[in-house]
file data.pdb (PDB, C-alpha atoms)
ATOM      1  CA  MET K 142      24.707 101.606 108.812  1.00  0.00           C
ATOM      2  CA  GLU K 143      22.283 104.272 107.615  1.00  0.00           C
ATOM      3  CA  GLY K 144      21.023 104.544 111.185  1.00  0.00           C
ATOM      4  CA  VAL K 145      24.388 105.681 112.557  1.00  0.00           C
ATOM      5  CA  LYS K 146      25.392 108.291 109.971  1.00  0.00           C
ATOM      6  CA  THR K 147      25.327 111.876 111.240  1.00  0.00           C
ATOM      7  CA  HIS K 148      24.768 113.237 107.707  1.00  0.00           C
ATOM      8  CA  LYS K 149      24.347 111.909 104.166  1.00  0.00           C
ATOM      9  CA  ASP K 150      28.039 111.682 103.230  1.00  0.00           C
ATOM     10  CA  ASP K 151      29.324 110.645 106.656  1.00  0.00           C
ATOM     11  CA  THR K 152      32.205 108.185 106.395  1.00  0.00           C
ATOM     12  CA  GLY K 153      34.585 109.278 109.131  1.00  0.00           C
ATOM     13  CA  SER K 154      32.604 109.678 112.328  1.00  0.00           C
ATOM     14  CA  PRO K 155      33.415 107.151 115.058  1.00  0.00           C
ATOM     15  CA  GLU K 156      29.887 105.741 114.849  1.00  0.00           C
ATOM     16  CA  VAL K 157      30.225 104.895 111.153  1.00  0.00           C
ATOM     17  CA  GLN K 158      33.719 103.480 111.598  1.00  0.00           C
ATOM     18  CA  VAL K 159      32.532 101.227 114.441  1.00  0.00           C
ATOM     19  CA  ALA K 160      29.527 100.077 112.379  1.00  0.00           C
ATOM     20  CA  LEU K 161      31.776  99.208 109.419  1.00  0.00           C
ATOM     21  CA  LEU K 162      34.238  97.367 111.642  1.00  0.00           C
ATOM     22  CA  SER K 163      31.401  95.450 113.301  1.00  0.00           C
ATOM     23  CA  ARG K 164      30.115  94.317 109.917  1.00  0.00           C
ATOM     24  CA  GLU K 165      33.593  93.201 108.833  1.00  0.00           C
ATOM     25  CA  ILE K 166      34.133  91.405 112.153  1.00  0.00           C
ATOM     26  CA  GLU K 167      30.881  89.469 111.695  1.00  0.00           C
ATOM     27  CA  LYS K 168      31.901  88.434 108.165  1.00  0.00           C
ATOM     28  CA  LEU K 169      35.329  87.348 109.359  1.00  0.00           C
ATOM     29  CA  LEU K 170      33.852  85.314 112.212  1.00  0.00           C
ATOM     30  CA  LEU K 171      31.736  83.386 109.699  1.00  0.00           C
ATOM     31  CA  HIS K 172      34.842  82.762 107.601  1.00  0.00           C
ATOM     32  CA  LEU K 173      36.809  81.540 110.612  1.00  0.00           C
ATOM     33  CA  LYS K 174      34.072  79.072 111.559  1.00  0.00           C
ATOM     34  CA  LYS K 175      34.678  77.312 108.241  1.00  0.00           C
ATOM     35  CA  HIS K 176      38.446  77.845 108.146  1.00  0.00           C
ATOM     36  CA  ALA K 177      39.612  77.498 111.734  1.00  0.00           C
ATOM     37  CA  LYS K 178      43.311  77.288 110.840  1.00  0.00           C
ATOM     38  CA  ASP K 179      43.380  80.541 108.856  1.00  0.00           C
ATOM     39  CA  PHE K 180      45.732  82.356 111.219  1.00  0.00           C
ATOM     40  CA  HIS K 181      46.266  85.303 108.892  1.00  0.00           C
ATOM     41  CA  SER K 182      42.552  86.108 109.014  1.00  0.00           C
ATOM     42  CA  LYS K 183      42.489  85.526 112.758  1.00  0.00           C
ATOM     43  CA  ARG K 184      45.217  88.123 113.196  1.00  0.00           C
ATOM     44  CA  GLY K 185      43.220  90.565 111.072  1.00  0.00           C
ATOM     45  CA  LEU K 186      40.176  89.896 113.220  1.00  0.00           C
ATOM     46  CA  LEU K 187      42.112  90.696 116.389  1.00  0.00           C
ATOM     47  CA  ARG K 188      43.343  93.960 114.861  1.00  0.00           C
ATOM     48  CA  MET K 189      39.788  94.955 113.881  1.00  0.00           C
ATOM     49  CA  VAL K 190      38.446  94.169 117.341  1.00  0.00           C
ATOM     50  CA  ALA K 191      41.223  96.249 118.921  1.00  0.00           C
ATOM     51  CA  LYS K 192      40.541  99.161 116.555  1.00  0.00           C
ATOM     52  CA  ARG K 193      36.815  99.004 117.341  1.00  0.00           C
ATOM     53  CA  ARG K 194      37.561  98.952 121.073  1.00  0.00           C
ATOM     54  CA  ILE K 195      39.761 102.061 120.734  1.00  0.00           C
ATOM     55  CA  LEU K 196      37.078 103.907 118.755  1.00  0.00           C
ATOM     56  CA  LEU K 197      34.413 102.954 121.296  1.00  0.00           C
ATOM     57  CA  SER K 198      36.522 104.161 124.220  1.00  0.00           C
ATOM     58  CA  TYR K 199      37.137 107.458 122.376  1.00  0.00           C
ATOM     59  CA  LEU K 200      33.421 107.890 121.735  1.00  0.00           C
ATOM     60  CA  LYS K 201      32.560 107.116 125.358  1.00  0.00           C
ATOM     61  CA  ARG K 202      35.130 109.641 126.574  1.00  0.00           C
ATOM     62  CA  GLU K 203      33.924 112.383 124.191  1.00  0.00           C
ATOM     63  CA  ASN K 204      30.147 111.851 124.198  1.00  0.00           C
ATOM     64  CA  GLU K 205      28.643 109.123 126.357  1.00  0.00           C
ATOM     65  CA  LYS K 206      25.130 109.710 125.020  1.00  0.00           C
ATOM     66  CA  ARG K 207      26.221 108.942 121.431  1.00  0.00           C
ATOM     67  CA  TYR K 208      28.235 105.975 122.745  1.00  0.00           C
ATOM     68  CA  LEU K 209      25.237 104.398 124.483  1.00  0.00           C
ATOM     69  CA  SER K 210      23.021 105.051 121.465  1.00  0.00           C
ATOM     70  CA  LEU K 211      25.523 103.314 119.180  1.00  0.00           C
ATOM     71  CA  LEU K 212      25.764 100.288 121.467  1.00  0.00           C
ATOM     72  CA  ARG K 213      21.979  99.939 121.387  1.00  0.00           C
ATOM     73  CA  LYS K 214      21.805 100.266 117.588  1.00  0.00           C
ATOM     74  CA  LEU K 215      24.555  97.715 116.950  1.00  0.00           C
ATOM     75  CA  GLY K 216      23.623  95.341 119.760  1.00  0.00           C
ATOM     76  CA  LEU K 217      27.055  95.537 121.398  1.00  0.00           C
ATOM     77  CA  LYS K 218      27.841  95.190 125.093  1.00  0.00           C
ATOM     78  CA  SER K 219      29.726  97.821 127.046  1.00  0.00           C
ATOM     79  CA  LYS K 220      33.150  96.656 128.221  1.00  0.00           C
ATOM     80  CA  VAL K 221      34.931  99.999 128.027  1.00  0.00           C
TER
END
call {"tool": "encode", "arguments": {"input": "data.pdb", "output": "structure tokens"}}
result
Amino acid sequence: MEGVKTHKDDTGSPEVQVALLSREIEKLLLHLKKHAKDFHSKRGLLRMVAKRRILLSYLKRENEKRYLSLLRKLGLKSKV
């Protein structure tokens, strides 16, 4: 996450929010592999993915260069 911060105390930029969500999504996916019937966690996962998608579309609309850089750093694919 240090690679996406715009300054030392950055916690609110779209890049940092997407990086945090991506990390949480990865952790939740590991949990769901062990606990496939945990529907409460699955619902949380879907909400996080939707939130990340919204933030990515905002970033692409506002600054496509930062958007593409973030995708490269996090290893995400562009679907927006």
call {"tool": "resolve_selection", "arguments": {"input": "data.pdb", "expression": "the PyMOL selection byres ((chain K and resi 198-202) around 12)", "output": "list of chain:residue names"}}
result
K:Ser154, K:Pro155, K:Glu156, K:Val157, K:Gln158, K:Val159, K:Ala191, K:Lys192, K:Arg193, K:Arg194, K:Ile195, K:Leu196, K:Leu197, K:Glu203, K:Asn204, K:Glu205, K:Lys206, K:Arg207, K:Tyr208, K:Leu209, K:Ser210, K:Leu211, K:Leu212, K:Ser219, K:Lys220, K:Val221
call {"tool": "write_last_selection", "arguments": {"input": "data.pdb", "atoms": "C-alpha atoms", "output": "compact mmCIF listing (two decimals), in the frame of the given file"}}
result
# COMPACT_ATOMS: atom_id res chain seq x y z
CA SER K 154 32.60 109.68 112.33
CA PRO K 155 33.42 107.15 115.06
CA GLU K 156 29.89 105.74 114.85
CA VAL K 157 30.22 104.90 111.15
CA GLN K 158 33.72 103.48 111.60
CA VAL K 159 32.53 101.23 114.44
CA ALA K 191 41.22 96.25 118.92
CA LYS K 192 40.54 99.16 116.56
CA ARG K 193 36.82 99.00 117.34
CA ARG K 194 37.56 98.95 121.07
CA ILE K 195 39.76 102.06 120.73
CA LEU K 196 37.08 103.91 118.76
CA LEU K 197 34.41 102.95 121.30
CA GLU K 203 33.92 112.38 124.19
CA ASN K 204 30.15 111.85 124.20
CA GLU K 205 28.64 109.12 126.36
CA LYS K 206 25.13 109.71 125.02
CA ARG K 207 26.22 108.94 121.43
CA TYR K 208 28.24 105.98 122.74
CA LEU K 209 25.24 104.40 124.48
CA SER K 210 23.02 105.05 121.46
CA LEU K 211 25.52 103.31 119.18
CA LEU K 212 25.76 100.29 121.47
CA SER K 219 29.73 97.82 127.05
CA LYS K 220 33.15 96.66 128.22
CA VAL K 221 34.93 100.00 128.03
call {"tool": "closest_residue", "arguments": {"input": "data.pdb", "among": "K:Arg213, K:Asp150, K:Gly185, K:Lys218", "to": "His172 of chain K", "atoms": "only C-alpha atoms"}}
result
K:Gly185
call {"tool": "atom_distance", "arguments": {"input": "data.pdb", "atom1": "atom CA of Ser182 of chain K", "atom2": "atom CA of Glu165 of chain K"}}
result
11.4 Å
call {"tool": "closest_residue", "arguments": {"input": "data.pdb", "among": "K:Leu215, K:Lys178, K:Arg188, K:Gly144", "to": "Arg164 of chain K", "atoms": "only C-alpha atoms"}}
result
K:Leu215
call {"tool": "atom_distance", "arguments": {"input": "data.pdb", "atom1": "atom CA of Leu169 of chain K", "atom2": "atom CA of His148 of chain K"}}
result
28.0 Å
call {"tool": "atom_distance", "arguments": {"input": "data.pdb", "atom1": "atom CA of Leu170 of chain K", "atom2": "atom CA of Val145 of chain K"}}
result
22.5 Å
call {"tool": "build_atoms", "arguments": {"input": "data.pdb", "residues": "segment 143-159 of chain K", "atoms": "N, CA and C atoms", "output": "CSV table (one decimal), in the coordinates of the input"}}
result
chain,number,residue,atom,x,y,z
K,143,GLU,N,23.0,103.0,107.8
K,143,GLU,CA,22.3,104.3,107.6
K,143,GLU,C,21.8,104.9,108.9
K,144,GLY,N,21.5,104.0,109.9
K,144,GLY,CA,21.0,104.5,111.2
K,144,GLY,C,22.1,105.2,112.0
K,145,VAL,N,23.3,105.1,111.7
K,145,VAL,CA,24.4,105.7,112.6
K,145,VAL,C,25.1,106.9,111.9
K,146,LYS,N,24.8,107.1,110.6
K,146,LYS,CA,25.4,108.3,110.0
K,146,LYS,C,24.9,109.6,110.6
K,147,THR,N,25.8,110.6,110.7
K,147,THR,CA,25.3,111.9,111.2
K,147,THR,C,24.8,112.8,110.1
K,148,HIS,N,25.3,112.5,108.9
K,148,HIS,CA,24.8,113.2,107.7
K,148,HIS,C,24.9,112.3,106.5
K,149,LYS,N,24.4,112.8,105.4
K,149,LYS,CA,24.3,111.9,104.2
K,149,LYS,C,25.7,111.3,103.7
K,150,ASP,N,26.7,112.1,103.7
K,150,ASP,CA,28.0,111.7,103.2
K,150,ASP,C,29.0,111.3,104.3
K,151,ASP,N,28.5,110.9,105.5
K,151,ASP,CA,29.3,110.6,106.7
K,151,ASP,C,30.1,109.3,106.5
K,152,THR,N,31.4,109.4,106.5
K,152,THR,CA,32.2,108.2,106.4
K,152,THR,C,33.3,108.1,107.5
K,153,GLY,N,33.5,109.2,108.2
K,153,GLY,CA,34.6,109.3,109.1
K,153,GLY,C,34.2,109.4,110.6
K,154,SER,N,33.0,109.6,110.9
K,154,SER,CA,32.6,109.7,112.3
K,154,SER,C,32.9,108.4,113.0
K,155,PRO,N,33.1,108.4,114.3
K,155,PRO,CA,33.4,107.2,115.1
K,155,PRO,C,32.3,106.1,115.0
K,156,GLU,N,31.0,106.6,114.9
K,156,GLU,CA,29.9,105.7,114.8
K,156,GLU,C,29.9,104.9,113.6
K,157,VAL,N,30.2,105.6,112.4
K,157,VAL,CA,30.2,104.9,111.2
K,157,VAL,C,31.4,103.9,111.1
K,158,GLN,N,32.5,104.4,111.6
K,158,GLN,CA,33.7,103.5,111.6
K,158,GLN,C,33.5,102.2,112.4
K,159,VAL,N,32.8,102.4,113.6
K,159,VAL,CA,32.5,101.2,114.4
K,159,VAL,C,31.5,100.3,113.7
